[in-house]
file start.pdb (PDB, N, CA and C atoms)
ATOM      1  N   MET D 287       0.864  -2.016 -25.325
ATOM      2  CA  MET D 287       2.245  -2.444 -25.438
ATOM      3  C   MET D 287       2.994  -1.414 -26.266
ATOM      4  N   ALA D 288       4.189  -1.116 -25.913
ATOM      5  CA  ALA D 288       4.997  -0.143 -26.648
ATOM      6  C   ALA D 288       5.127  -0.602 -28.092
ATOM      7  N   SER D 289       4.835   0.282 -29.019
ATOM      8  CA  SER D 289       4.774  -0.106 -30.424
ATOM      9  C   SER D 289       6.132  -0.423 -31.032
ATOM     10  N   ASN D 290       7.216   0.050 -30.454
ATOM     11  CA  ASN D 290       8.529  -0.195 -31.035
ATOM     12  C   ASN D 290       9.205  -1.435 -30.458
ATOM     13  N   LYS D 291       8.538  -2.157 -29.576
ATOM     14  CA  LYS D 291       9.118  -3.337 -28.957
ATOM     15  C   LYS D 291       8.161  -4.507 -29.088
ATOM     16  N   LYS D 292       8.730  -5.696 -29.087
ATOM     17  CA  LYS D 292       7.932  -6.906 -28.986
ATOM     18  C   LYS D 292       7.819  -7.226 -27.501
ATOM     19  N   CYS D 293       6.663  -7.604 -27.052
ATOM     20  CA  CYS D 293       6.469  -7.938 -25.647
ATOM     21  C   CYS D 293       7.373  -9.094 -25.261
ATOM     22  N   PRO D 294       8.207  -8.926 -24.226
ATOM     23  CA  PRO D 294       9.104  -9.995 -23.818
ATOM     24  C   PRO D 294       8.407 -11.115 -23.057
ATOM     25  N   GLY D 295       7.172 -10.899 -22.618
ATOM     26  CA  GLY D 295       6.463 -11.890 -21.826
ATOM     27  C   GLY D 295       5.551 -12.800 -22.620
ATOM     28  N   THR D 296       5.411 -12.556 -23.915
ATOM     29  CA  THR D 296       4.510 -13.347 -24.740
ATOM     30  C   THR D 296       4.961 -13.317 -26.190
ATOM     31  N   ASP D 297       4.365 -14.162 -26.980
ATOM     32  CA  ASP D 297       4.688 -14.152 -28.408
ATOM     33  C   ASP D 297       3.790 -13.197 -29.178
ATOM     34  N   GLY D 298       2.857 -12.518 -28.484
ATOM     35  CA  GLY D 298       2.017 -11.507 -29.112
ATOM     36  C   GLY D 298       0.682 -12.011 -29.626
ATOM     37  N   ARG D 299       0.521 -13.305 -29.711
ATOM     38  CA  ARG D 299      -0.723 -13.837 -30.261
ATOM     39  C   ARG D 299      -1.902 -13.680 -29.316
ATOM     40  N   ASP D 300      -1.641 -13.450 -28.041
ATOM     41  CA  ASP D 300      -2.751 -13.338 -27.103
ATOM     42  C   ASP D 300      -3.090 -11.892 -26.738
ATOM     43  N   ASN D 301      -2.540 -10.926 -27.434
ATOM     44  CA  ASN D 301      -2.884  -9.534 -27.176
ATOM     45  C   ASN D 301      -4.008  -9.114 -28.123
ATOM     46  N   PHE D 302      -5.186  -9.608 -27.826
ATOM     47  CA  PHE D 302      -6.355  -9.321 -28.629
ATOM     48  C   PHE D 302      -7.292  -8.410 -27.838
ATOM     49  N   PRO D 303      -8.119  -7.639 -28.524
ATOM     50  CA  PRO D 303      -9.039  -6.766 -27.797
ATOM     51  C   PRO D 303     -10.188  -7.576 -27.195
ATOM     52  N   GLU D 304     -10.661  -7.102 -26.075
ATOM     53  CA  GLU D 304     -11.846  -7.678 -25.443
ATOM     54  C   GLU D 304     -12.942  -6.633 -25.496
ATOM     55  N   GLU D 305     -14.199  -7.060 -25.419
ATOM     56  CA  GLU D 305     -15.312  -6.122 -25.419
ATOM     57  C   GLU D 305     -15.634  -5.704 -24.005
ATOM     58  N   ILE D 306     -15.886  -4.426 -23.851
ATOM     59  CA  ILE D 306     -16.298  -3.871 -22.566
ATOM     60  C   ILE D 306     -17.491  -2.963 -22.851
ATOM     61  N   VAL D 307     -18.489  -2.986 -21.978
ATOM     62  CA  VAL D 307     -19.724  -2.230 -22.196
ATOM     63  C   VAL D 307     -19.716  -0.970 -21.347
ATOM     64  N   CYS D 308     -20.041   0.143 -21.974
ATOM     65  CA  CYS D 308     -20.122   1.416 -21.261
ATOM     66  C   CYS D 308     -21.294   1.366 -20.280
ATOM     67  N   PRO D 309     -21.045   1.685 -19.010
ATOM     68  CA  PRO D 309     -22.127   1.653 -18.027
ATOM     69  C   PRO D 309     -23.159   2.769 -18.239
ATOM     70  N   LYS D 310     -22.781   3.791 -18.960
ATOM     71  CA  LYS D 310     -23.678   4.933 -19.162
ATOM     72  C   LYS D 310     -24.588   4.744 -20.377
ATOM     73  N   CYS D 311     -23.984   4.447 -21.541
ATOM     74  CA  CYS D 311     -24.783   4.387 -22.777
ATOM     75  C   CYS D 311     -24.920   2.979 -23.354
ATOM     76  N   LYS D 312     -24.254   1.997 -22.733
ATOM     77  CA  LYS D 312     -24.298   0.582 -23.133
ATOM     78  C   LYS D 312     -23.623   0.300 -24.475
ATOM     79  N   ASN D 313     -22.849   1.258 -24.961
ATOM     80  CA  ASN D 313     -22.082   1.055 -26.193
ATOM     81  C   ASN D 313     -20.944   0.074 -25.924
ATOM     82  N   LYS D 314     -20.660  -0.813 -26.872
ATOM     83  CA  LYS D 314     -19.555  -1.758 -26.728
ATOM     84  C   LYS D 314     -18.276  -1.132 -27.266
ATOM     85  N   THR D 315     -17.195  -1.289 -26.509
ATOM     86  CA  THR D 315     -15.898  -0.722 -26.844
ATOM     87  C   THR D 315     -14.837  -1.789 -26.648
ATOM     88  N   GLU D 316     -13.724  -1.671 -27.356
ATOM     89  CA  GLU D 316     -12.617  -2.609 -27.210
ATOM     90  C   GLU D 316     -11.639  -2.122 -26.153
ATOM     91  N   ILE D 317     -11.073  -3.080 -25.405
ATOM     92  CA  ILE D 317     -10.030  -2.792 -24.436
ATOM     93  C   ILE D 317      -8.952  -3.871 -24.578
ATOM     94  N   PHE D 318      -7.700  -3.447 -24.597
ATOM     95  CA  PHE D 318      -6.587  -4.377 -24.723
ATOM     96  C   PHE D 318      -6.027  -4.707 -23.352
ATOM     97  N   LYS D 319      -5.231  -5.771 -23.269
ATOM     98  CA  LYS D 319      -4.690  -6.244 -21.997
ATOM     99  C   LYS D 319      -3.853  -5.208 -21.264
ATOM    100  N   ASP D 320      -3.208  -4.310 -21.994
ATOM    101  CA  ASP D 320      -2.352  -3.327 -21.327
ATOM    102  C   ASP D 320      -3.090  -2.033 -21.010
ATOM    103  N   GLU D 321      -4.420  -2.074 -21.012
ATOM    104  CA  GLU D 321      -5.220  -0.896 -20.698
ATOM    105  C   GLU D 321      -6.064  -1.155 -19.453
ATOM    106  N   ALA D 322      -6.120  -0.188 -18.567
ATOM    107  CA  ALA D 322      -6.964  -0.279 -17.379
ATOM    108  C   ALA D 322      -8.249   0.506 -17.580
ATOM    109  N   VAL D 323      -8.213   1.435 -18.511
ATOM    110  CA  VAL D 323      -9.368   2.291 -18.758
ATOM    111  C   VAL D 323      -9.386   2.691 -20.234
ATOM    112  N   VAL D 324     -10.589   2.803 -20.783
ATOM    113  CA  VAL D 324     -10.766   3.305 -22.145
ATOM    114  C   VAL D 324     -11.897   4.320 -22.133
ATOM    115  N   GLU D 325     -11.909   5.155 -23.137
ATOM    116  CA  GLU D 325     -12.972   6.142 -23.264
ATOM    117  C   GLU D 325     -14.014   5.622 -24.238
ATOM    118  N   CYS D 326     -15.276   5.684 -23.851
ATOM    119  CA  CYS D 326     -16.366   5.270 -24.730
ATOM    120  C   CYS D 326     -16.359   6.176 -25.950
ATOM    121  N   LYS D 327     -16.361   5.582 -27.117
ATOM    122  CA  LYS D 327     -16.327   6.369 -28.352
ATOM    123  C   LYS D 327     -17.640   7.104 -28.597
ATOM    124  N   LYS D 328     -18.705   6.634 -27.977
ATOM    125  CA  LYS D 328     -20.014   7.246 -28.183
ATOM    126  C   LYS D 328     -20.278   8.418 -27.229
ATOM    127  N   CYS D 329     -20.082   8.197 -25.907
ATOM    128  CA  CYS D 329     -20.449   9.242 -24.939
ATOM    129  C   CYS D 329     -19.258   9.818 -24.170
ATOM    130  N   LYS D 330     -18.045   9.305 -24.440
ATOM    131  CA  LYS D 330     -16.802   9.802 -23.841
ATOM    132  C   LYS D 330     -16.638   9.483 -22.351
ATOM    133  N   THR D 331     -17.471   8.602 -21.797
ATOM    134  CA  THR D 331     -17.329   8.164 -20.410
ATOM    135  C   THR D 331     -16.097   7.279 -20.284
ATOM    136  N   LEU D 332     -15.352   7.424 -19.183
ATOM    137  CA  LEU D 332     -14.226   6.532 -18.931
ATOM    138  C   LEU D 332     -14.772   5.202 -18.424
ATOM    139  N   ILE D 333     -14.330   4.114 -19.052
ATOM    140  CA  ILE D 333     -14.774   2.769 -18.683
ATOM    141  C   ILE D 333     -13.574   2.033 -18.111
ATOM    142  N   TYR D 334     -13.688   1.575 -16.880
ATOM    143  CA  TYR D 334     -12.592   0.912 -16.197
ATOM    144  C   TYR D 334     -12.685  -0.599 -16.358
ATOM    145  N   ARG D 335     -11.521  -1.233 -16.527
ATOM    146  CA  ARG D 335     -11.444  -2.695 -16.561
ATOM    147  C   ARG D 335     -11.875  -3.200 -15.186
ATOM    148  N   ASP D 336     -12.676  -4.251 -15.187
ATOM    149  CA  ASP D 336     -13.063  -4.841 -13.905
ATOM    150  C   ASP D 336     -12.893  -6.353 -13.956
ATOM    151  N   GLY D 337     -13.344  -7.041 -12.951
ATOM    152  CA  GLY D 337     -13.157  -8.476 -12.849
ATOM    153  C   GLY D 337     -13.975  -9.308 -13.816
ATOM    154  N   ASP D 338     -14.871  -8.677 -14.562
ATOM    155  CA  ASP D 338     -15.708  -9.431 -15.484
ATOM    156  C   ASP D 338     -14.974  -9.836 -16.760
ATOM    157  N   ILE D 339     -13.829  -9.219 -17.003
ATOM    158  CA  ILE D 339     -13.039  -9.585 -18.168
ATOM    159  C   ILE D 339     -11.659 -10.018 -17.706
ATOM    160  N   LEU D 340     -10.871 -10.562 -18.595
ATOM    161  CA  LEU D 340      -9.549 -11.063 -18.232
ATOM    162  C   LEU D 340      -8.703  -9.973 -17.593
ATOM    163  N   PRO D 341      -7.859 -10.330 -16.625
ATOM    164  CA  PRO D 341      -6.988  -9.325 -16.012
ATOM    165  C   PRO D 341      -5.965  -8.793 -17.004
ATOM    166  N   SER D 342      -5.548  -7.595 -16.791
ATOM    167  CA  SER D 342      -4.526  -6.989 -17.635
ATOM    168  C   SER D 342      -3.204  -7.721 -17.442
ATOM    169  N   CYS D 343      -2.448  -7.857 -18.510
ATOM    170  CA  CYS D 343      -1.118  -8.468 -18.411
ATOM    171  C   CYS D 343      -0.215  -7.629 -17.508
ATOM    172  N   LEU D 344      -0.551  -6.356 -17.332
ATOM    173  CA  LEU D 344       0.244  -5.490 -16.462
ATOM    174  C   LEU D 344       0.129  -5.907 -14.998
ATOM    175  N   GLU D 345      -0.885  -6.688 -14.664
ATOM    176  CA  GLU D 345      -1.054  -7.150 -13.290
ATOM    177  C   GLU D 345      -0.116  -8.294 -12.937
ATOM    178  N   TRP D 346       0.244  -9.126 -13.905
ATOM    179  CA  TRP D 346       1.008 -10.321 -13.577
ATOM    180  C   TRP D 346       2.356 -10.441 -14.277
ATOM    181  N   CYS D 347       2.593  -9.701 -15.328
ATOM    182  CA  CYS D 347       3.821  -9.874 -16.102
ATOM    183  C   CYS D 347       5.012  -9.173 -15.440
ATOM    184  N   ALA D 348       6.096  -9.904 -15.290
ATOM    185  CA  ALA D 348       7.311  -9.349 -14.685
ATOM    186  C   ALA D 348       7.928  -8.246 -15.540
ATOM    187  N   TYR D 349       7.590  -8.203 -16.827
ATOM    188  CA  TYR D 349       8.152  -7.220 -17.748
ATOM    189  C   TYR D 349       7.211  -6.037 -18.000
ATOM    190  N   ALA D 350       6.119  -5.949 -17.247
ATOM    191  CA  ALA D 350       5.076  -4.962 -17.527
ATOM    192  C   ALA D 350       5.608  -3.536 -17.667
ATOM    193  N   LYS D 351       6.332  -3.068 -16.661
ATOM    194  CA  LYS D 351       6.825  -1.683 -16.692
ATOM    195  C   LYS D 351       7.797  -1.473 -17.850
ATOM    196  N   GLU D 352       8.653  -2.437 -18.078
ATOM    197  CA  GLU D 352       9.615  -2.369 -19.177
ATOM    198  C   GLU D 352       8.893  -2.378 -20.531
ATOM    199  N   CYS D 353       7.854  -3.153 -20.610
ATOM    200  CA  CYS D 353       7.141  -3.342 -21.867
ATOM    201  C   CYS D 353       6.415  -2.076 -22.324
ATOM    202  N   VAL D 354       5.628  -1.475 -21.425
ATOM    203  CA  VAL D 354       4.808  -0.324 -21.818
ATOM    204  C   VAL D 354       5.447   1.014 -21.501
ATOM    205  N   GLY D 355       6.509   1.006 -20.691
ATOM    206  CA  GLY D 355       7.177   2.253 -20.320
ATOM    207  C   GLY D 355       6.646   2.795 -19.005
ATOM    208  N   GLU D 356       7.478   3.558 -18.340
ATOM    209  CA  GLU D 356       7.162   4.080 -17.010
ATOM    210  C   GLU D 356       5.889   4.927 -17.000
ATOM    211  N   LYS D 357       5.743   5.822 -17.974
ATOM    212  CA  LYS D 357       4.595   6.738 -17.993
ATOM    213  C   LYS D 357       3.278   5.973 -18.120
ATOM    214  N   LYS D 358       3.194   5.072 -19.089
ATOM    215  CA  LYS D 358       1.956   4.319 -19.294
ATOM    216  C   LYS D 358       1.689   3.396 -18.115
ATOM    217  N   TYR D 359       2.744   2.802 -17.536
ATOM    218  CA  TYR D 359       2.572   1.914 -16.389
ATOM    219  C   TYR D 359       2.010   2.691 -15.193
ATOM    220  N   GLN D 360       2.544   3.869 -14.924
ATOM    221  CA  GLN D 360       2.051   4.687 -13.812
ATOM    222  C   GLN D 360       0.606   5.126 -14.048
ATOM    223  N   GLU D 361       0.273   5.457 -15.284
ATOM    224  CA  GLU D 361      -1.097   5.839 -15.627
ATOM    225  C   GLU D 361      -2.039   4.657 -15.388
ATOM    226  N   TRP D 362      -1.599   3.460 -15.788
ATOM    227  CA  TRP D 362      -2.395   2.250 -15.574
ATOM    228  C   TRP D 362      -2.626   2.025 -14.079
ATOM    229  N   LEU D 363      -1.560   2.167 -13.256
ATOM    230  CA  LEU D 363      -1.700   1.994 -11.805
ATOM    231  C   LEU D 363      -2.704   2.988 -11.224
ATOM    232  N   LYS D 364      -2.638   4.219 -11.685
ATOM    233  CA  LYS D 364      -3.550   5.262 -11.202
ATOM    234  C   LYS D 364      -5.004   4.878 -11.495
ATOM    235  N   HIS D 365      -5.274   4.442 -12.724
ATOM    236  CA  HIS D 365      -6.634   4.068 -13.098
ATOM    237  C   HIS D 365      -7.072   2.783 -12.397
ATOM    238  N   LYS D 366      -6.158   1.862 -12.214
ATOM    239  CA  LYS D 366      -6.478   0.617 -11.513
ATOM    240  C   LYS D 366      -6.890   0.919 -10.079
ATOM    241  N   ASN D 367      -6.141   1.784  -9.410
ATOM    242  CA  ASN D 367      -6.462   2.147  -8.026
ATOM    243  C   ASN D 367      -7.775   2.920  -7.942
ATOM    244  N   ALA D 368      -8.034   3.778  -8.923
ATOM    245  CA  ALA D 368      -9.300   4.517  -8.943
ATOM    246  C   ALA D 368     -10.474   3.558  -9.134
ATOM    247  N   ALA D 369     -10.307   2.543  -9.963
ATOM    248  CA  ALA D 369     -11.372   1.579 -10.207
ATOM    249  C   ALA D 369     -11.665   0.763  -8.944
ATOM    250  N   LYS D 370     -10.637   0.462  -8.162
ATOM    251  CA  LYS D 370     -10.821  -0.293  -6.917
ATOM    252  C   LYS D 370     -11.654   0.493  -5.917
ATOM    253  N   LYS D 371     -11.522   1.820  -5.928
ATOM    254  CA  LYS D 371     -12.233   2.667  -4.975
ATOM    255  C   LYS D 371     -13.712   2.805  -5.310
ATOM    256  N   LYS D 372     -14.086   2.499  -6.555
ATOM    257  CA  LYS D 372     -15.494   2.638  -6.984
ATOM    258  C   LYS D 372     -16.349   1.513  -6.470
TER     259      LYS D 372
END
call {"tool": "encode", "arguments": {"input": "start.pdb", "output": "structure tokens"}}
result
Amino acid sequence: MASNKKCPGTDGRDNFPEEIVCPKCKNKTEIFKDEAVVECKKCKTLIYRDGDILPSCLEWCAYAKECVGEKKYQEWLKHKNAAKKK
């Protein structure tokens, strides 16, 4: 979420990190709702959000693009589409 704005779609209490496991080294990493991909802090592998954890708010929120900005939203779409192809 853009740091200079309050999310217009929520009161902010539900933007908590979730745990995601690196498929390569099994290290646990945090991922937030507005992220489609994170880098493993241990082995630097890109870890994509999948259906095993809650969907990103960017998938359903009408304010998603406005909230995170055009650049981050487009980056999220790119990673989301790449994850679907895997």
call {"tool": "residues_around", "arguments": {"input": "start.pdb", "residues": "Lys358 in chain D", "least_positions_apart": "3", "cutoff": "12 Å", "atoms": "only C-alpha atoms", "output": "VMD selection string"}}
result
chain D and resid 287 to 288 320 to 323 344 350 to 355 361 to 365
call {"tool": "resolve_selection", "arguments": {"input": "start.pdb", "expression": "the PyMOL selection byres ((chain D and resi 305) around 6.5)", "output": "ChimeraX atom specification"}}
result
/D:303-304,306-307,314-317
call {"tool": "write_last_selection", "arguments": {"input": "start.pdb", "atoms": "N, CA and C atoms", "output": "short mmCIF file (atom, residue, chain, number, x, y, z; two decimals), in the frame of the given file"}}
result
data_model
loop_
_atom_site.label_atom_id
_atom_site.label_comp_id
_atom_site.auth_asym_id
_atom_site.auth_seq_id
_atom_site.Cartn_x
_atom_site.Cartn_y
_atom_site.Cartn_z
N PRO D 303 -8.12 -7.64 -28.52
CA PRO D 303 -9.04 -6.77 -27.80
C PRO D 303 -10.19 -7.58 -27.20
N GLU D 304 -10.66 -7.10 -26.08
CA GLU D 304 -11.85 -7.68 -25.44
C GLU D 304 -12.94 -6.63 -25.50
N ILE D 306 -15.89 -4.43 -23.85
CA ILE D 306 -16.30 -3.87 -22.57
C ILE D 306 -17.49 -2.96 -22.85
N VAL D 307 -18.49 -2.99 -21.98
CA VAL D 307 -19.72 -2.23 -22.20
C VAL D 307 -19.72 -0.97 -21.35
N LYS D 314 -20.66 -0.81 -26.87
CA LYS D 314 -19.56 -1.76 -26.73
C LYS D 314 -18.28 -1.13 -27.27
N THR D 315 -17.20 -1.29 -26.51
CA THR D 315 -15.90 -0.72 -26.84
C THR D 315 -14.84 -1.79 -26.65
N GLU D 316 -13.72 -1.67 -27.36
CA GLU D 316 -12.62 -2.61 -27.21
C GLU D 316 -11.64 -2.12 -26.15
N ILE D 317 -11.07 -3.08 -25.40
CA ILE D 317 -10.03 -2.79 -24.44
C ILE D 317 -8.95 -3.87 -24.58
#
call {"tool": "atom_distance", "arguments": {"input": "start.pdb", "atom1": "atom N of Cys343 in chain D", "atom2": "CA of Gln360 in chain D"}}
result
14.1 Å
call {"tool": "atom_distance", "arguments": {"input": "start.pdb", "atom1": "CA of Ala348 in chain D", "atom2": "atom C of Leu332 in chain D"}}
result
26.7 Å
call {"tool": "atom_distance", "arguments": {"input": "start.pdb", "atom1": "atom N of Lys357 in chain D", "atom2": "atom N of Ile333 in chain D"}}
result
20.2 Å
call {"tool": "resolve_selection", "arguments": {"input": "start.pdb", "expression": "the PyMOL selection byres ((chain D and resi 327) around 8)", "output": "number ranges by chain"}}
result
D: 313-316, 324-326, 328-331
call {"tool": "closest_residue", "arguments": {"input": "start.pdb", "among": "D:Ala368, D:Tyr349, D:Lys312, D:Glu356", "to": "Tyr334 in chain D", "atoms": "only N, CA and C atoms"}}
result
D:Ala368
